[in-house]
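Structure file data-v7.pdb with PDB, C-alpha atoms and all ligand atoms:
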```pdb
ATOM      1  CA  MET A   1       0.000   0.000   0.000
ATOM      2  CA  THR A   2       1.389   3.432  -0.952
ATOM      3  CA  LYS A   3       1.479   6.203   1.620
ATOM      4  CA  THR A   4      -1.388   8.036  -0.146
ATOM      5  CA  LYS A   5      -3.526   4.917  -0.195
ATOM      6  CA  GLN A   6      -2.723   4.350   3.466
ATOM      7  CA  LEU A   7      -3.840   7.861   4.304
ATOM      8  CA  ILE A   8      -7.081   7.461   2.328
ATOM      9  CA  PHE A   9      -7.703   4.140   4.040
ATOM     10  CA  MET A  10      -7.094   5.617   7.486
ATOM     11  CA  GLY A  11      -9.299   8.605   6.697
ATOM     12  CA  ALA A  12     -12.106   6.300   5.604
ATOM     13  CA  ALA A  13     -11.728   4.255   8.765
ATOM     14  CA  VAL A  14     -11.912   7.359  10.950
ATOM     15  CA  ALA A  15     -14.976   8.605   9.053
ATOM     16  CA  LEU A  16     -16.656   5.230   9.361
ATOM     17  CA  THR A  17     -15.958   5.062  13.085
ATOM     18  CA  ALA A  18     -17.340   8.561  13.534
ATOM     19  CA  PHE A  19     -20.410   7.623  11.501
ATOM     20  CA  ILE A  20     -21.055   4.514  13.595
ATOM     21  CA  GLY A  21     -20.534   6.582  16.743
ATOM     22  CA  VAL A  22     -23.063   9.157  15.612
ATOM     23  CA  GLN A  23     -25.503   6.452  14.603
ATOM     24  CA  HIS A  24     -25.257   4.947  18.055
ATOM     25  CA  ALA A  25     -25.853   8.258  19.788
ATOM     26  CA  VAL A  26     -28.917   9.210  17.735
ATOM     27  CA  ALA A  27     -32.084   8.366  19.582
ATOM     28  CA  LYS A  28     -34.574   6.333  17.630
ATOM     29  CA  THR A  29     -38.305   5.810  17.678
ATOM     30  CA  VAL A  30     -39.337   2.311  18.621
ATOM     31  CA  HIS A  31     -42.805   1.301  17.483
ATOM     32  CA  VAL A  32     -44.593  -1.105  19.800
ATOM     33  CA  THR A  33     -48.089  -2.454  19.305
ATOM     34  CA  MET A  34     -49.863  -4.735  21.730
ATOM     35  CA  THR A  35     -53.266  -6.333  21.483
ATOM     36  CA  ALA A  36     -55.210  -7.140  24.631
ATOM     37  CA  MET A  37     -56.337 -10.757  24.395
ATOM     38  CA  GLU A  38     -58.704 -12.487  26.789
ATOM     39  CA  LYS A  39     -57.833 -16.113  26.191
ATOM     40  CA  ASP A  40     -56.899 -19.393  27.839
ATOM     41  CA  VAL A  41     -53.187 -19.908  28.338
ATOM     42  CA  VAL A  42     -51.144 -22.768  29.781
ATOM     43  CA  ILE A  43     -49.776 -21.967  33.240
ATOM     44  CA  ASP A  44     -47.728 -25.072  34.072
ATOM     45  CA  ASN A  45     -45.536 -27.729  32.482
ATOM     46  CA  LYS A  46     -48.315 -30.291  32.249
ATOM     47  CA  GLY A  47     -50.633 -28.125  30.177
ATOM     48  CA  THR A  48     -53.184 -26.765  32.660
ATOM     49  CA  LYS A  49     -55.195 -23.974  31.077
ATOM     50  CA  TYR A  50     -56.307 -20.785  32.766
ATOM     51  CA  PRO A  51     -58.644 -18.010  31.534
ATOM     52  CA  ALA A  52     -56.030 -15.300  31.267
ATOM     53  CA  TRP A  53     -56.082 -11.686  30.221
ATOM     54  CA  THR A  54     -52.949 -10.947  28.245
ATOM     55  CA  TYR A  55     -50.965  -8.680  25.995
ATOM     56  CA  ASP A  56     -50.691 -10.472  22.644
ATOM     57  CA  GLY A  57     -51.831 -13.797  24.060
ATOM     58  CA  SER A  58     -48.969 -14.649  26.386
ATOM     59  CA  ILE A  59     -48.040 -14.292  30.060
ATOM     60  CA  PRO A  60     -45.974 -12.204  30.423
ATOM     61  CA  GLY A  61     -46.307  -9.771  27.532
ATOM     62  CA  LYS A  62     -43.364  -9.306  25.214
ATOM     63  CA  VAL A  63     -40.168  -7.663  26.410
ATOM     64  CA  VAL A  64     -39.910  -4.073  25.210
ATOM     65  CA  ARG A  65     -36.286  -3.027  24.869
ATOM     66  CA  VAL A  66     -35.087   0.455  24.015
ATOM     67  CA  THR A  67     -32.040   2.622  24.566
ATOM     68  CA  GLU A  68     -31.902   5.667  26.814
ATOM     69  CA  GLY A  69     -33.326   8.644  24.934
ATOM     70  CA  ASP A  70     -35.407   6.593  22.519
ATOM     71  CA  THR A  71     -39.038   7.428  21.931
ATOM     72  CA  VAL A  72     -41.524   4.628  22.395
ATOM     73  CA  ASP A  73     -44.394   4.958  19.944
ATOM     74  CA  PHE A  74     -47.031   2.744  21.472
ATOM     75  CA  THR A  75     -50.430   1.461  20.363
ATOM     76  CA  LEU A  76     -52.761  -0.661  22.467
ATOM     77  CA  ILE A  77     -55.543  -2.428  20.590
ATOM     78  CA  ASN A  78     -58.553  -3.739  22.493
ATOM     79  CA  PRO A  79     -60.503  -5.923  20.051
ATOM     80  CA  LYS A  80     -64.280  -5.726  20.115
ATOM     81  CA  GLU A  81     -64.477  -9.439  21.038
ATOM     82  CA  ASN A  82     -63.077  -8.651  24.503
ATOM     83  CA  LYS A  83     -65.439  -8.143  27.419
ATOM     84  CA  ASN A  84     -63.300  -5.717  29.434
ATOM     85  CA  SER A  85     -61.526  -2.426  29.129
ATOM     86  CA  HIS A  86     -57.745  -2.703  29.270
ATOM     87  CA  SER A  87     -54.897  -0.248  29.493
ATOM     88  CA  ILE A  88     -51.159  -0.069  29.868
ATOM     89  CA  ASP A  89     -49.009   1.540  32.533
ATOM     90  CA  PHE A  90     -45.341   1.703  31.581
ATOM     91  CA  HIS A  91     -43.285   2.345  34.695
ATOM     92  CA  ALA A  92     -40.615   3.735  32.354
ATOM     93  CA  ALA A  93     -42.913   6.569  31.208
ATOM     94  CA  GLU A  94     -43.429   9.980  32.784
ATOM     95  CA  VAL A  95     -46.811  10.996  31.423
ATOM     96  CA  ASP A  96     -50.396  11.566  32.626
ATOM     97  CA  VAL A  97     -52.071   8.661  34.377
ATOM     98  CA  LEU A  98     -55.499   9.966  33.320
ATOM     99  CA  ASP A  99     -54.471  10.335  29.683
ATOM    100  CA  GLU A 100     -51.883   7.874  28.369
ATOM    101  CA  PHE A 101     -52.690   5.195  30.936
ATOM    102  CA  ALA A 102     -56.487   5.508  30.696
ATOM    103  CA  GLY A 103     -58.654   2.477  29.969
ATOM    104  CA  VAL A 104     -59.402   1.432  26.404
ATOM    105  CA  LYS A 105     -62.856  -0.001  25.748
ATOM    106  CA  PRO A 106     -63.403  -3.123  23.608
ATOM    107  CA  GLY A 107     -63.389  -2.113  19.955
ATOM    108  CA  GLU A 108     -61.126   0.877  20.596
ATOM    109  CA  SER A 109     -57.414   1.528  20.558
ATOM    110  CA  LYS A 110     -55.035   3.981  22.134
ATOM    111  CA  HIS A 111     -51.867   5.527  20.780
ATOM    112  CA  PHE A 112     -49.284   7.557  22.666
ATOM    113  CA  THR A 113     -45.576   8.221  22.755
ATOM    114  CA  PHE A 114     -43.107   8.716  25.548
ATOM    115  CA  LYS A 115     -39.405   9.284  25.792
ATOM    116  CA  ALA A 116     -37.464   6.669  27.765
ATOM    117  CA  LYS A 117     -35.250   9.105  29.647
ATOM    118  CA  ARG A 118     -34.181   6.948  32.575
ATOM    119  CA  VAL A 119     -32.063   3.845  32.284
ATOM    120  CA  GLY A 120     -33.246   0.739  34.046
ATOM    121  CA  LEU A 121     -35.594  -2.189  34.208
ATOM    122  CA  PHE A 122     -39.253  -1.353  34.543
ATOM    123  CA  MET A 123     -42.536  -3.186  34.815
ATOM    124  CA  TYR A 124     -45.503  -2.522  32.608
ATOM    125  CA  HIS A 125     -49.013  -3.686  33.403
ATOM    126  CA  CYS A 126     -52.686  -3.149  32.797
ATOM    127  CA  GLY A 127     -54.252  -0.560  35.066
ATOM    128  CA  ALA A 128     -57.912  -1.075  34.168
ATOM    129  CA  GLY A 129     -60.190  -1.764  37.109
ATOM    130  CA  PRO A 130     -60.032  -3.878  39.092
ATOM    131  CA  MET A 131     -56.314  -3.539  38.558
ATOM    132  CA  VAL A 132     -55.564  -6.386  40.949
ATOM    133  CA  GLN A 133     -57.463  -8.754  38.671
ATOM    134  CA  HIS A 134     -55.939  -7.493  35.437
ATOM    135  CA  ILE A 135     -52.424  -8.021  36.779
ATOM    136  CA  ALA A 136     -53.240 -11.328  38.457
ATOM    137  CA  ARG A 137     -54.739 -12.669  35.239
ATOM    138  CA  GLY A 138     -51.567 -11.953  33.323
ATOM    139  CA  MET A 139     -51.378  -8.410  31.979
ATOM    140  CA  TYR A 140     -47.801  -7.459  32.783
ATOM    141  CA  GLY A 141     -44.339  -7.456  31.293
ATOM    142  CA  ALA A 142     -40.925  -5.821  31.298
ATOM    143  CA  ILE A 143     -39.437  -2.825  29.549
ATOM    144  CA  ILE A 144     -35.654  -2.530  29.532
ATOM    145  CA  VAL A 145     -34.130   0.887  28.965
ATOM    146  CA  ASP A 146     -30.482   0.191  28.128
ATOM    147  CA  PRO A 147     -27.772   2.793  28.674
ATOM    148  CA  LYS A 148     -26.188   4.222  25.534
ATOM    149  CA  ALA A 149     -22.989   2.291  26.182
ATOM    150  CA  TYR A 150     -21.513  -0.393  28.388
ATOM    151  CA  THR A 151     -18.877   0.708  30.908
ATOM    152  CA  ALA A 152     -16.554  -0.836  33.479
ATOM    153  CA  ASP A 153     -19.331  -0.369  36.030
ATOM    154  CA  TYR A 154     -21.896  -1.924  33.733
ATOM    155  CA  PRO A 155     -20.024  -4.433  31.580
ATOM    156  CA  LYS A 156     -21.525  -6.197  28.601
ATOM    157  CA  PRO A 157     -22.820  -9.554  29.853
ATOM    158  CA  ASP A 158     -22.256 -12.862  28.085
ATOM    159  CA  ARG A 159     -25.896 -13.860  28.490
ATOM    160  CA  GLU A 160     -29.110 -12.149  29.488
ATOM    161  CA  TYR A 161     -32.352 -13.530  30.817
ATOM    162  CA  VAL A 162     -35.640 -11.908  31.785
ATOM    163  CA  LEU A 163     -37.474 -13.497  34.712
ATOM    164  CA  ILE A 164     -40.845 -12.174  35.801
ATOM    165  CA  GLN A 165     -42.483 -13.617  38.887
ATOM    166  CA  SER A 166     -46.165 -13.456  39.724
ATOM    167  CA  GLN A 167     -48.699 -14.951  42.069
ATOM    168  CA  PHE A 168     -51.187 -17.402  40.599
ATOM    169  CA  PHE A 169     -54.788 -17.171  41.768
ATOM    170  CA  PRO A 170     -56.654 -20.155  40.288
ATOM    171  CA  ASP A 171     -60.067 -18.544  40.807
ATOM    172  CA  ALA A 172     -59.785 -15.837  38.158
ATOM    173  CA  GLU A 173     -63.054 -14.201  39.255
ATOM    174  CA  ASN A 174     -62.341 -13.976  42.982
ATOM    175  CA  VAL A 175     -61.075 -10.415  43.245
ATOM    176  CA  ASN A 176     -61.505 -10.447  47.002
ATOM    177  CA  ALA A 177     -59.092 -13.359  47.389
ATOM    178  CA  MET A 178     -56.563 -11.427  45.312
ATOM    179  CA  LEU A 179     -56.946  -8.381  47.528
ATOM    180  CA  GLU A 180     -56.700 -10.385  50.728
ATOM    181  CA  ASN A 181     -53.822 -12.513  49.406
ATOM    182  CA  SER A 182     -55.764 -15.584  50.449
ATOM    183  CA  GLY A 183     -56.394 -17.401  47.214
ATOM    184  CA  TRP A 184     -53.013 -17.841  45.609
ATOM    185  CA  THR A 185     -51.716 -21.359  45.181
ATOM    186  CA  ASN A 186     -48.569 -20.967  43.110
ATOM    187  CA  SER A 187     -45.857 -18.705  41.794
ATOM    188  CA  LEU A 188     -45.380 -18.260  38.091
ATOM    189  CA  ILE A 189     -42.006 -17.557  36.518
ATOM    190  CA  ASN A 190     -42.498 -16.125  33.045
ATOM    191  CA  GLY A 191     -46.060 -17.385  33.187
ATOM    192  CA  LYS A 192     -45.538 -20.948  34.359
ATOM    193  CA  ILE A 193     -45.155 -22.828  37.646
ATOM    194  CA  PHE A 194     -41.568 -24.173  37.869
ATOM    195  CA  ASN A 195     -41.082 -23.008  34.292
ATOM    196  CA  TYR A 196     -37.334 -23.718  34.299
ATOM    197  CA  ASP A 197     -37.015 -26.286  37.069
ATOM    198  CA  PRO A 198     -36.819 -29.964  36.113
ATOM    199  CA  VAL A 199     -35.568 -30.681  39.638
ATOM    200  CA  HIS A 200     -38.922 -29.887  41.259
ATOM    201  CA  ASP A 201     -41.187 -30.597  38.308
ATOM    202  CA  ALA A 202     -40.670 -33.731  36.231
ATOM    203  CA  ASN A 203     -42.657 -32.114  33.406
ATOM    204  CA  ALA A 204     -40.313 -29.134  33.120
ATOM    205  CA  THR A 205     -38.176 -29.219  29.983
ATOM    206  CA  LYS A 206     -36.422 -25.851  30.087
ATOM    207  CA  VAL A 207     -33.519 -24.415  32.087
ATOM    208  CA  LEU A 208     -31.382 -21.326  31.777
ATOM    209  CA  MET A 209     -27.849 -22.033  30.604
ATOM    210  CA  SER A 210     -24.428 -20.440  30.553
ATOM    211  CA  LYS A 211     -20.834 -21.510  30.210
ATOM    212  CA  PRO A 212     -18.599 -21.582  33.301
ATOM    213  CA  GLY A 213     -17.192 -18.142  33.995
ATOM    214  CA  GLU A 214     -19.679 -16.235  31.876
ATOM    215  CA  ARG A 215     -21.354 -13.115  33.197
ATOM    216  CA  VAL A 216     -25.083 -13.784  33.231
ATOM    217  CA  ARG A 217     -27.416 -10.847  33.683
ATOM    218  CA  ILE A 218     -30.875 -11.557  35.044
ATOM    219  CA  PHE A 219     -33.499  -8.880  34.511
ATOM    220  CA  PHE A 220     -35.956  -9.625  37.298
ATOM    221  CA  VAL A 221     -39.413  -8.093  37.669
ATOM    222  CA  ASN A 222     -41.699  -8.679  40.644
ATOM    223  CA  ALA A 223     -45.226  -8.785  39.204
ATOM    224  CA  ASN A 224     -46.675 -10.301  42.371
ATOM    225  CA  ILE A 225     -49.946  -8.918  43.645
ATOM    226  CA  ASN A 226     -49.002  -8.577  47.298
ATOM    227  CA  MET A 227     -45.644 -10.152  48.095
ATOM    228  CA  PRO A 228     -42.080  -8.835  47.925
ATOM    229  CA  VAL A 229     -39.463 -11.207  46.539
ATOM    230  CA  ALA A 230     -36.239 -12.300  48.287
ATOM    231  CA  PHE A 231     -34.185 -12.942  45.174
ATOM    232  CA  HIS A 232     -31.351 -15.373  45.821
ATOM    233  CA  PRO A 233     -29.108 -17.706  43.797
ATOM    234  CA  ILE A 234     -28.714 -20.973  45.708
ATOM    235  CA  ALA A 235     -25.079 -22.085  45.361
ATOM    236  CA  GLY A 236     -24.127 -18.716  43.955
ATOM    237  CA  ILE A 237     -23.673 -15.065  44.922
ATOM    238  CA  TRP A 238     -24.840 -12.033  42.992
ATOM    239  CA  ASP A 239     -21.651 -10.439  41.715
ATOM    240  CA  ARG A 240     -23.574  -7.208  41.244
ATOM    241  CA  VAL A 241     -27.095  -6.037  41.803
ATOM    242  CA  TYR A 242     -28.246  -3.010  39.876
ATOM    243  CA  GLN A 243     -31.147  -1.620  41.865
ATOM    244  CA  ASN A 244     -33.999  -0.805  39.511
ATOM    245  CA  GLY A 245     -31.669  -1.955  36.734
ATOM    246  CA  SER A 246     -29.708   1.279  36.735
ATOM    247  CA  PRO A 247     -25.922   1.206  36.265
ATOM    248  CA  LYS A 248     -25.827   4.081  38.774
ATOM    249  CA  ASN A 249     -27.206   1.895  41.571
ATOM    250  CA  ILE A 250     -24.618  -0.836  42.129
ATOM    251  CA  LEU A 251     -24.360  -3.294  44.980
ATOM    252  CA  HIS A 252     -21.619  -5.921  45.164
ATOM    253  CA  ASP A 253     -21.416  -9.499  46.443
ATOM    254  CA  MET A 254     -25.031  -9.873  47.503
ATOM    255  CA  GLN A 255     -26.684 -13.076  48.733
ATOM    256  CA  THR A 256     -30.332 -12.025  48.755
ATOM    257  CA  TYR A 257     -31.873  -8.856  47.495
ATOM    258  CA  GLY A 258     -35.424  -7.683  48.050
ATOM    259  CA  VAL A 259     -37.563  -6.640  45.131
ATOM    260  CA  PRO A 260     -40.813  -4.922  46.056
ATOM    261  CA  VAL A 261     -44.138  -5.486  44.370
ATOM    262  CA  ALA A 262     -44.069  -3.724  40.992
ATOM    263  CA  GLY A 263     -40.316  -3.276  41.329
ATOM    264  CA  ALA A 264     -37.450  -4.690  39.333
ATOM    265  CA  SER A 265     -33.702  -5.063  39.580
ATOM    266  CA  THR A 266     -30.929  -6.474  37.462
ATOM    267  CA  PHE A 267     -28.690  -9.212  38.840
ATOM    268  CA  ASP A 268     -25.274 -10.308  37.542
ATOM    269  CA  ILE A 269     -23.930 -13.724  38.406
ATOM    270  CA  VAL A 270     -20.531 -15.066  37.370
ATOM    271  CA  SER A 271     -20.234 -18.765  38.097
ATOM    272  CA  PRO A 272     -16.859 -20.439  38.698
ATOM    273  CA  ALA A 273     -14.826 -20.666  35.486
ATOM    274  CA  ASP A 274     -13.073 -23.930  36.370
ATOM    275  CA  ARG A 275     -16.037 -26.274  36.782
ATOM    276  CA  SER A 276     -19.620 -26.934  35.813
ATOM    277  CA  THR A 277     -22.230 -25.934  38.350
ATOM    278  CA  ASN A 278     -25.954 -25.626  38.832
ATOM    279  CA  VAL A 279     -27.503 -22.640  40.551
ATOM    280  CA  ALA A 280     -31.112 -22.475  41.702
ATOM    281  CA  ILE A 281     -32.367 -18.927  41.362
ATOM    282  CA  VAL A 282     -35.208 -18.590  43.825
ATOM    283  CA  ASP A 283     -37.526 -16.343  45.690
ATOM    284  CA  HIS A 284     -36.202 -17.442  49.083
ATOM    285  CA  THR A 285     -39.624 -16.666  50.526
ATOM    286  CA  MET A 286     -40.413 -20.334  51.017
ATOM    287  CA  SER A 287     -44.107 -20.108  50.280
ATOM    288  CA  ALA A 288     -43.213 -18.755  46.845
ATOM    289  CA  ALA A 289     -40.163 -20.923  46.076
ATOM    290  CA  LEU A 290     -41.836 -24.223  46.789
ATOM    291  CA  ARG A 291     -44.932 -23.176  44.863
ATOM    292  CA  GLY A 292     -43.075 -22.511  41.642
ATOM    293  CA  ALA A 293     -40.490 -19.740  41.993
ATOM    294  CA  ILE A 294     -37.334 -21.774  41.357
ATOM    295  CA  THR A 295     -35.260 -21.458  38.184
ATOM    296  CA  ILE A 296     -32.273 -23.638  37.388
ATOM    297  CA  LEU A 297     -29.242 -21.993  35.809
ATOM    298  CA  MET A 298     -26.898 -24.655  34.422
ATOM    299  CA  ASN A 299     -23.286 -23.644  33.898
ATOM    300  CA  ARG A 300     -21.497 -26.090  31.627
ATOM    301  CA  PRO A 301     -19.096 -25.962  28.700
ATOM    302  CA  ASP A 302     -21.651 -27.303  26.218
ATOM    303  CA  ALA A 303     -24.326 -24.749  27.145
ATOM    304  CA  ASP A 304     -26.753 -24.018  24.313
ATOM    305  CA  PRO A 305     -25.021 -21.152  22.466
ATOM    306  CA  THR A 306     -28.346 -19.536  21.521
ATOM    307  CA  LEU A 307     -29.851 -19.270  25.012
ATOM    308  CA  GLY A 308     -29.662 -15.859  26.632
ATOM    309  CA  LYS A 309     -28.302 -14.261  23.461
ATOM    310  CA  GLY A 310     -29.750 -11.594  21.166
ATOM    311  CA  ASP A 311     -33.542 -11.639  21.304
ATOM    312  CA  ASN A 312     -33.599 -15.026  23.021
ATOM    313  CA  ILE A 313     -33.678 -13.628  26.544
ATOM    314  CA  LEU A 314     -37.106 -14.845  27.612
ATOM    315  CA  PRO A 315     -36.965 -18.541  26.676
TER     316      PRO A 315
HETATM  317 CU    CU B 401     -56.458  -5.395  31.427
END
```
Show me the file's structure as structure tokens.
Ligand SMILES: [Cu+2]
Amino acid sequence: MTKTKQLIFMGAAVALTAFIGVQHAVAKTVHVTMTAMEKDVVIDNKGTKYPAWTYDGSIPGKVVRVTEGDTVDFTLINPKENKNSHSIDFHAAEVDVLDEFAGVKPGESKHFTFKAKRVGLFMYHCGAGPMVQHIARGMYGAIIVDPKAYTADYPKPDREYVLIQSQFFPDAENVNAMLENSGWTNSLINGKIFNYDPVHDANATKVLMSKPGERVRIFFVNANINMPVAFHPIAGIWDRVYQNGSPKNILHDMQTYGVPVAGASTFDIVSPADRSTNVAIVDHTMSAALRGAITILMNRPDADPTLGKGDNILP
């Protein structure tokens, strides 16, 4: 390569880097549409159906993921076949509860935008009355607002998983039991009892996986109706806890960390690099753990390379 060519090449590289940098910094608009669906969904590993109320037909609703500064352009559709009004309350939005978060009647839809200004992990849920019933029947999910860049304080993880816990009330019509916390029989993790725990449920087929030594980031949302969660990795230690999912709120070397109702935090775990291990990620509140809130994280060299990567963070 001649000196001139070298210079041109270097100039192009600098320009390209600058271009990519600018691209990264420019906030984007993320379009999100959800449809409220009142339908039966399976809530355990043996196929038990439950008359749920959902966003897009699943418990939880889809993960919304944006970057700090992005605008979320949101539409909620409530089909005329539904019997109830529904709404959405994004905890990541600073808007008007009586406007953006207002109920949407069957046959109507609602559109609004908000700017995701604060980094973190936030819950979203239906706020239509009775709110307790709309959340208990399945209308909740997670919105992640990523920082613009990873840093030493908030390193890029090797794998990411979203876990959302909720209380299961089998009598979907008994609002009073939900209010009094008397009617719940199980905990759901991402919509199912023992969703990722073949140790406690012979019908379970899924686990979370990582390779030994990898940094695994768990985005955890407490969508319980009435109970805080004591989030703990059995046979592990949280390397870092980011309270509310913010890189500004760091705790180190934690055993158990409390997540309030309608709260969320982000948990990093780095398992030993020199051996395979299993960690049971639990709500150490025993009444919740033994009723479904246990998730197995397998650390082994042949871990499924697709799990916890890219969009595959809520398996
Ligand atoms: Cu609803």
Out of A:Val216, A:Val97, A:Ala303, A:Ala293, which residue has the shortest atom-to-atom distance to Ile164 (chain A) when counting only C-alpha atoms?
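Of all the options, A:Ala293 lies closest to Ile164 (chain A).
Coordinates place CA of Phe219 (chain A) at a distance of 21.6 Å from CA of Asp44 (chain A).
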Work out how far CA of Asp268 (chain A) is from CA of Lys211 (chain A), in Å to one decimal.
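According to the coordinates, CA of Lys211 (chain A) and CA of Asp268 (chain A) are separated by 14.1 Å.
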Close residues to ligand CU 401 (chain B) using only C-alpha atoms and all ligand atoms, limit 8 Å, as an mmCIF file with C-alpha atoms, in the coordinates of the input:
```cif
data_model
loop_
_atom_site.group_PDB
_atom_site.id
_atom_site.type_symbol
_atom_site.label_atom_id
_atom_site.label_comp_id
_atom_site.auth_asym_id
_atom_site.auth_seq_id
_atom_site.Cartn_x
_atom_site.Cartn_y
_atom_site.Cartn_z
ATOM 1 C CA ALA A 36 -55.210 -7.140 24.631
ATOM 2 C CA TRP A 53 -56.082 -11.686 30.221
ATOM 3 C CA THR A 54 -52.949 -10.947 28.245
ATOM 4 C CA ASN A 84 -63.300 -5.717 29.434
ATOM 5 C CA SER A 85 -61.526 -2.426 29.129
ATOM 6 C CA HIS A 86 -57.745 -2.703 29.270
ATOM 7 C CA SER A 87 -54.897 -0.248 29.493
ATOM 8 C CA ILE A 88 -51.159 -0.069 29.868
ATOM 9 C CA HIS A 125 -49.013 -3.686 33.403
ATOM 10 C CA CYS A 126 -52.686 -3.149 32.797
ATOM 11 C CA GLY A 127 -54.252 -0.560 35.066
ATOM 12 C CA ALA A 128 -57.912 -1.075 34.168
ATOM 13 C CA GLY A 129 -60.190 -1.764 37.109
ATOM 14 C CA MET A 131 -56.314 -3.539 38.558
ATOM 15 C CA HIS A 134 -55.939 -7.493 35.437
ATOM 16 C CA ILE A 135 -52.424 -8.021 36.779
ATOM 17 C CA MET A 139 -51.378 -8.410 31.979
#
```
Could you list, as a count of residues only, every residue within 7 Å of Asn203 (chain A), counting all atoms listed in the file and ignoring same-chain residues fewer than 4 positions away?
3
